Amino acid sequence: MRIEQGHIFRPETSNNIQYSVRLEITDSLIELEFSDDSFAPKDFGKVEIILGVFNGLGKITFLDCSLSGTATGGGANIKKYRVEYLLQGVHIYSWQELKFSKCIANIPSLFDWVNIRPITNKLWTEKKLYCEHPKEIKLASFDKFELLFSFEYHTSIEKNEIHLKQYTNLKIVAKNNFLFLNEFFEILTHFKKFMLFIINKSPISETITLFNDKYTRLSLL
């Protein structure tokens, strides 16, 4: 679970800032909680886009937000909004901006299933580790997009240790410059069903990163 503090506002009323907002992120829930004296009727429903800035995360765009709870007491009115999608790193003001050229989903279970490793361990025989980026593997090509496996590794240093982590990603590339966000989600959903029901692997993704011409990369949490 991750909890951060920050502020939020709506695209159409950017000067009306709600401060002291609590953001909770778990494996199954993204939720905003704050004290607000305004209980206008429009608040009792779905808000398509909420923008915010949070400690440790920076700029955030919340998509498909629905009021999940209210409470009154102690001189404060508490609101909770459940968030369907969270984009980190940018403020997007309309759904028309939500189009991207490619999407990379890091799904940990793909690493063992595909079994192509960027790191070759020859410490015992040669006292060496070989690190390289294998070529991408094209899985399928459709009218509007291509599916590929891509490979990478990350290194980190902690105290006197070097940690290496290998990844196999699902890469979705739009053929005609872009796909809308909901189209990427639909493709991912079908692929994850394939993983779960056909090859019996966990479809849980650690990160989903989107790319387009305007923004270098956006992380979807």
# chains A, B, ... in the order shown; residues from 1 in each chain; ligands from 1
call {"tool": "residues_around", "arguments": {"residues": "range 18-20 of chain A", "least_positions_apart": "3", "cutoff": "12 Å", "atoms": "only C-alpha atoms", "output": "list in words"}}
result
Glu4, Gln5, Gly6, His7, Ile8, Phe9, Arg10, Thr13, Ser14, Asn15, Leu23, Leu32, Glu33, Phe34, Ser35, Asp36, Asp37, Ser38, Ile50, Leu51, Gly52, Val53, Phe54, Asn55, Ile78 and Lys79 of chain A
call {"tool": "write_last_selection", "arguments": {"atoms": "N, CA, C and O atoms", "output": "mmCIF file, in the first residue's frame"}}
result
data_model
loop_
_atom_site.group_PDB
_atom_site.id
_atom_site.type_symbol
_atom_site.label_atom_id
_atom_site.label_comp_id
_atom_site.auth_asym_id
_atom_site.auth_seq_id
_atom_site.Cartn_x
_atom_site.Cartn_y
_atom_site.Cartn_z
ATOM 1 N N GLU A 4 0.003 8.938 -0.217
ATOM 2 C CA GLU A 4 0.658 10.211 -0.484
ATOM 3 C C GLU A 4 -0.314 11.353 -0.214
ATOM 4 O O GLU A 4 -1.537 11.176 -0.259
ATOM 5 N N GLN A 5 0.237 12.539 0.050
ATOM 6 C CA GLN A 5 -0.555 13.742 0.279
ATOM 7 C C GLN A 5 -0.329 14.728 -0.863
ATOM 8 O O GLN A 5 0.772 14.814 -1.411
ATOM 9 N N GLY A 6 -1.390 15.475 -1.209
ATOM 10 C CA GLY A 6 -1.246 16.450 -2.273
ATOM 11 C C GLY A 6 -2.495 17.286 -2.439
ATOM 12 O O GLY A 6 -3.288 17.428 -1.510
ATOM 13 N N HIS A 7 -2.674 17.836 -3.643
ATOM 14 C CA HIS A 7 -3.869 18.625 -3.935
ATOM 15 C C HIS A 7 -4.430 18.235 -5.294
ATOM 16 O O HIS A 7 -3.724 17.657 -6.129
ATOM 17 N N ILE A 8 -5.713 18.533 -5.504
ATOM 18 C CA ILE A 8 -6.395 18.181 -6.746
ATOM 19 C C ILE A 8 -7.221 19.359 -7.246
ATOM 20 O O ILE A 8 -7.531 20.286 -6.501
ATOM 21 N N PHE A 9 -7.577 19.298 -8.531
ATOM 22 C CA PHE A 9 -8.502 20.262 -9.122
ATOM 23 C C PHE A 9 -9.080 19.648 -10.383
ATOM 24 O O PHE A 9 -8.563 18.651 -10.906
ATOM 25 N N ARG A 10 -10.152 20.242 -10.870
ATOM 26 C CA ARG A 10 -10.774 19.761 -12.099
ATOM 27 C C ARG A 10 -10.296 20.598 -13.281
ATOM 28 O O ARG A 10 -10.020 21.787 -13.132
ATOM 29 N N THR A 13 -12.127 23.889 -13.783
ATOM 30 C CA THR A 13 -12.052 24.884 -12.704
ATOM 31 C C THR A 13 -10.673 24.793 -12.048
ATOM 32 O O THR A 13 -10.556 24.466 -10.866
ATOM 33 N N SER A 14 -9.643 25.089 -12.821
ATOM 34 C CA SER A 14 -8.272 24.885 -12.348
ATOM 35 C C SER A 14 -7.883 25.818 -11.205
ATOM 36 O O SER A 14 -6.908 25.557 -10.490
ATOM 37 N N ASN A 15 -8.617 26.919 -11.021
ATOM 38 C CA ASN A 15 -8.308 27.838 -9.921
ATOM 39 C C ASN A 15 -8.924 27.396 -8.598
ATOM 40 O O ASN A 15 -8.574 27.920 -7.541
ATOM 41 N N LEU A 23 -4.138 10.340 -0.934
ATOM 42 C CA LEU A 23 -4.202 9.375 -2.030
ATOM 43 C C LEU A 23 -3.714 8.027 -1.519
ATOM 44 O O LEU A 23 -2.596 7.908 -1.021
ATOM 45 N N LEU A 32 -9.095 8.605 -3.525
ATOM 46 C CA LEU A 32 -8.828 9.950 -3.027
ATOM 47 C C LEU A 32 -9.749 10.227 -1.848
ATOM 48 O O LEU A 32 -10.929 9.866 -1.878
ATOM 49 N N GLU A 33 -9.219 10.892 -0.829
ATOM 50 C CA GLU A 33 -10.034 11.258 0.331
ATOM 51 C C GLU A 33 -9.681 12.676 0.758
ATOM 52 O O GLU A 33 -8.506 13.024 0.880
ATOM 53 N N PHE A 34 -10.718 13.503 0.985
ATOM 54 C CA PHE A 34 -10.469 14.879 1.391
ATOM 55 C C PHE A 34 -11.705 15.444 2.075
ATOM 56 O O PHE A 34 -12.813 14.911 1.960
ATOM 57 N N SER A 35 -11.492 16.537 2.794
ATOM 58 C CA SER A 35 -12.574 17.237 3.478
ATOM 59 C C SER A 35 -13.032 18.394 2.609
ATOM 60 O O SER A 35 -12.231 19.230 2.192
ATOM 61 N N ASP A 36 -14.342 18.436 2.319
ATOM 62 C CA ASP A 36 -14.869 19.451 1.405
ATOM 63 C C ASP A 36 -16.237 19.893 1.890
ATOM 64 O O ASP A 36 -17.098 19.072 2.190
ATOM 65 N N ASP A 37 -16.454 21.202 1.961
ATOM 66 C CA ASP A 37 -17.746 21.728 2.398
ATOM 67 C C ASP A 37 -18.772 21.781 1.275
ATOM 68 O O ASP A 37 -19.948 22.033 1.512
ATOM 69 N N SER A 38 -18.335 21.583 0.046
ATOM 70 C CA SER A 38 -19.239 21.685 -1.097
ATOM 71 C C SER A 38 -19.832 20.321 -1.426
ATOM 72 O O SER A 38 -19.112 19.379 -1.735
ATOM 73 N N ILE A 50 -9.797 14.155 -13.063
ATOM 74 C CA ILE A 50 -9.346 14.991 -11.952
ATOM 75 C C ILE A 50 -7.829 15.098 -12.056
ATOM 76 O O ILE A 50 -7.147 14.099 -12.303
ATOM 77 N N LEU A 51 -7.304 16.298 -11.881
ATOM 78 C CA LEU A 51 -5.864 16.524 -11.951
ATOM 79 C C LEU A 51 -5.317 16.778 -10.555
ATOM 80 O O LEU A 51 -6.026 17.272 -9.677
ATOM 81 N N GLY A 52 -4.049 16.442 -10.342
ATOM 82 C CA GLY A 52 -3.474 16.642 -9.021
ATOM 83 C C GLY A 52 -1.961 16.667 -9.042
ATOM 84 O O GLY A 52 -1.320 16.339 -10.049
ATOM 85 N N VAL A 53 -1.397 17.066 -7.911
ATOM 86 C CA VAL A 53 0.043 17.013 -7.674
ATOM 87 C C VAL A 53 0.240 16.403 -6.294
ATOM 88 O O VAL A 53 -0.346 16.879 -5.311
ATOM 89 N N PHE A 54 1.074 15.349 -6.211
ATOM 90 C CA PHE A 54 1.239 14.620 -4.958
ATOM 91 C C PHE A 54 2.710 14.399 -4.643
ATOM 92 O O PHE A 54 3.537 14.205 -5.545
ATOM 93 N N ASN A 55 3.012 14.422 -3.347
ATOM 94 C CA ASN A 55 4.368 14.154 -2.886
ATOM 95 C C ASN A 55 4.814 12.773 -3.362
ATOM 96 O O ASN A 55 4.080 11.799 -3.239
ATOM 97 N N ILE A 78 -16.427 14.682 4.646
ATOM 98 C CA ILE A 78 -15.399 13.857 4.016
ATOM 99 C C ILE A 78 -15.953 13.245 2.733
ATOM 100 O O ILE A 78 -17.058 12.693 2.723
ATOM 101 N N LYS A 79 -15.178 13.347 1.667
ATOM 102 C CA LYS A 79 -15.516 12.709 0.398
ATOM 103 C C LYS A 79 -14.433 11.707 0.029
ATOM 104 O O LYS A 79 -13.246 11.944 0.280
#
call {"tool": "select_by_dssp", "arguments": {"residues": "range 22-165 of chain A", "states": "alpha helix (DSSP H)", "output": "ChimeraX atom specification"}}
result
/A:109-114
call {"tool": "closest_residue", "arguments": {"among": "A:Asn177, A:Asn115, A:Ser109, A:Asn169", "to": "Phe145 in chain A", "atoms": "only C-alpha atoms"}}
result
A:Asn177
call {"tool": "closest_atom_pairs", "arguments": {"of": "range 41-94 of chain A", "to": "range 178-198 of chain A", "cutoff": "12 Å", "atoms": "only C-alpha atoms", "output": "JSON lines"}}
result
{"residue": "A:Leu63", "atom": "CA", "partner": "A:Leu181", "partner_atom": "CA", "distance": 10.9}
{"residue": "A:Asp64", "atom": "CA", "partner": "A:Asn182", "partner_atom": "CA", "distance": 11.7}
{"residue": "A:Glu84", "atom": "CA", "partner": "A:Phe185", "partner_atom": "CA", "distance": 11.9}
{"residue": "A:Tyr85", "atom": "CA", "partner": "A:Phe185", "partner_atom": "CA", "distance": 10.5}
{"residue": "A:Leu87", "atom": "CA", "partner": "A:Leu181", "partner_atom": "CA", "distance": 10.9}
{"residue": "A:Ser94", "atom": "CA", "partner": "A:Leu181", "partner_atom": "CA", "distance": 12.0}
call {"tool": "closest_residue", "arguments": {"among": "A:Cys65, A:Ala71, A:Leu86, A:Ile208", "to": "Glu48 in chain A", "atoms": "only C-alpha atoms"}}
result
A:Cys65
call {"tool": "select_by_dssp", "arguments": {"residues": "range 156-200 of chain A", "states": "strand (DSSP E or B)", "output": "list of chain:residue names"}}
result
A:Ser156, A:Ile157, A:Glu158, A:Glu161, A:Ile162, A:His163, A:Leu164, A:Lys165, A:Gln166, A:Tyr167, A:Thr168, A:Asn169, A:Leu170, A:Lys171, A:Ile172, A:Val173, A:Ala174, A:Leu179, A:Phe180
call {"tool": "residues_around", "arguments": {"residues": "range 131-143 of chain A", "least_positions_apart": "4", "cutoff": "8 Å", "atoms": "only C-alpha atoms", "output": "ChimeraX atom specification"}}
result
/A:116-120,147-153,175
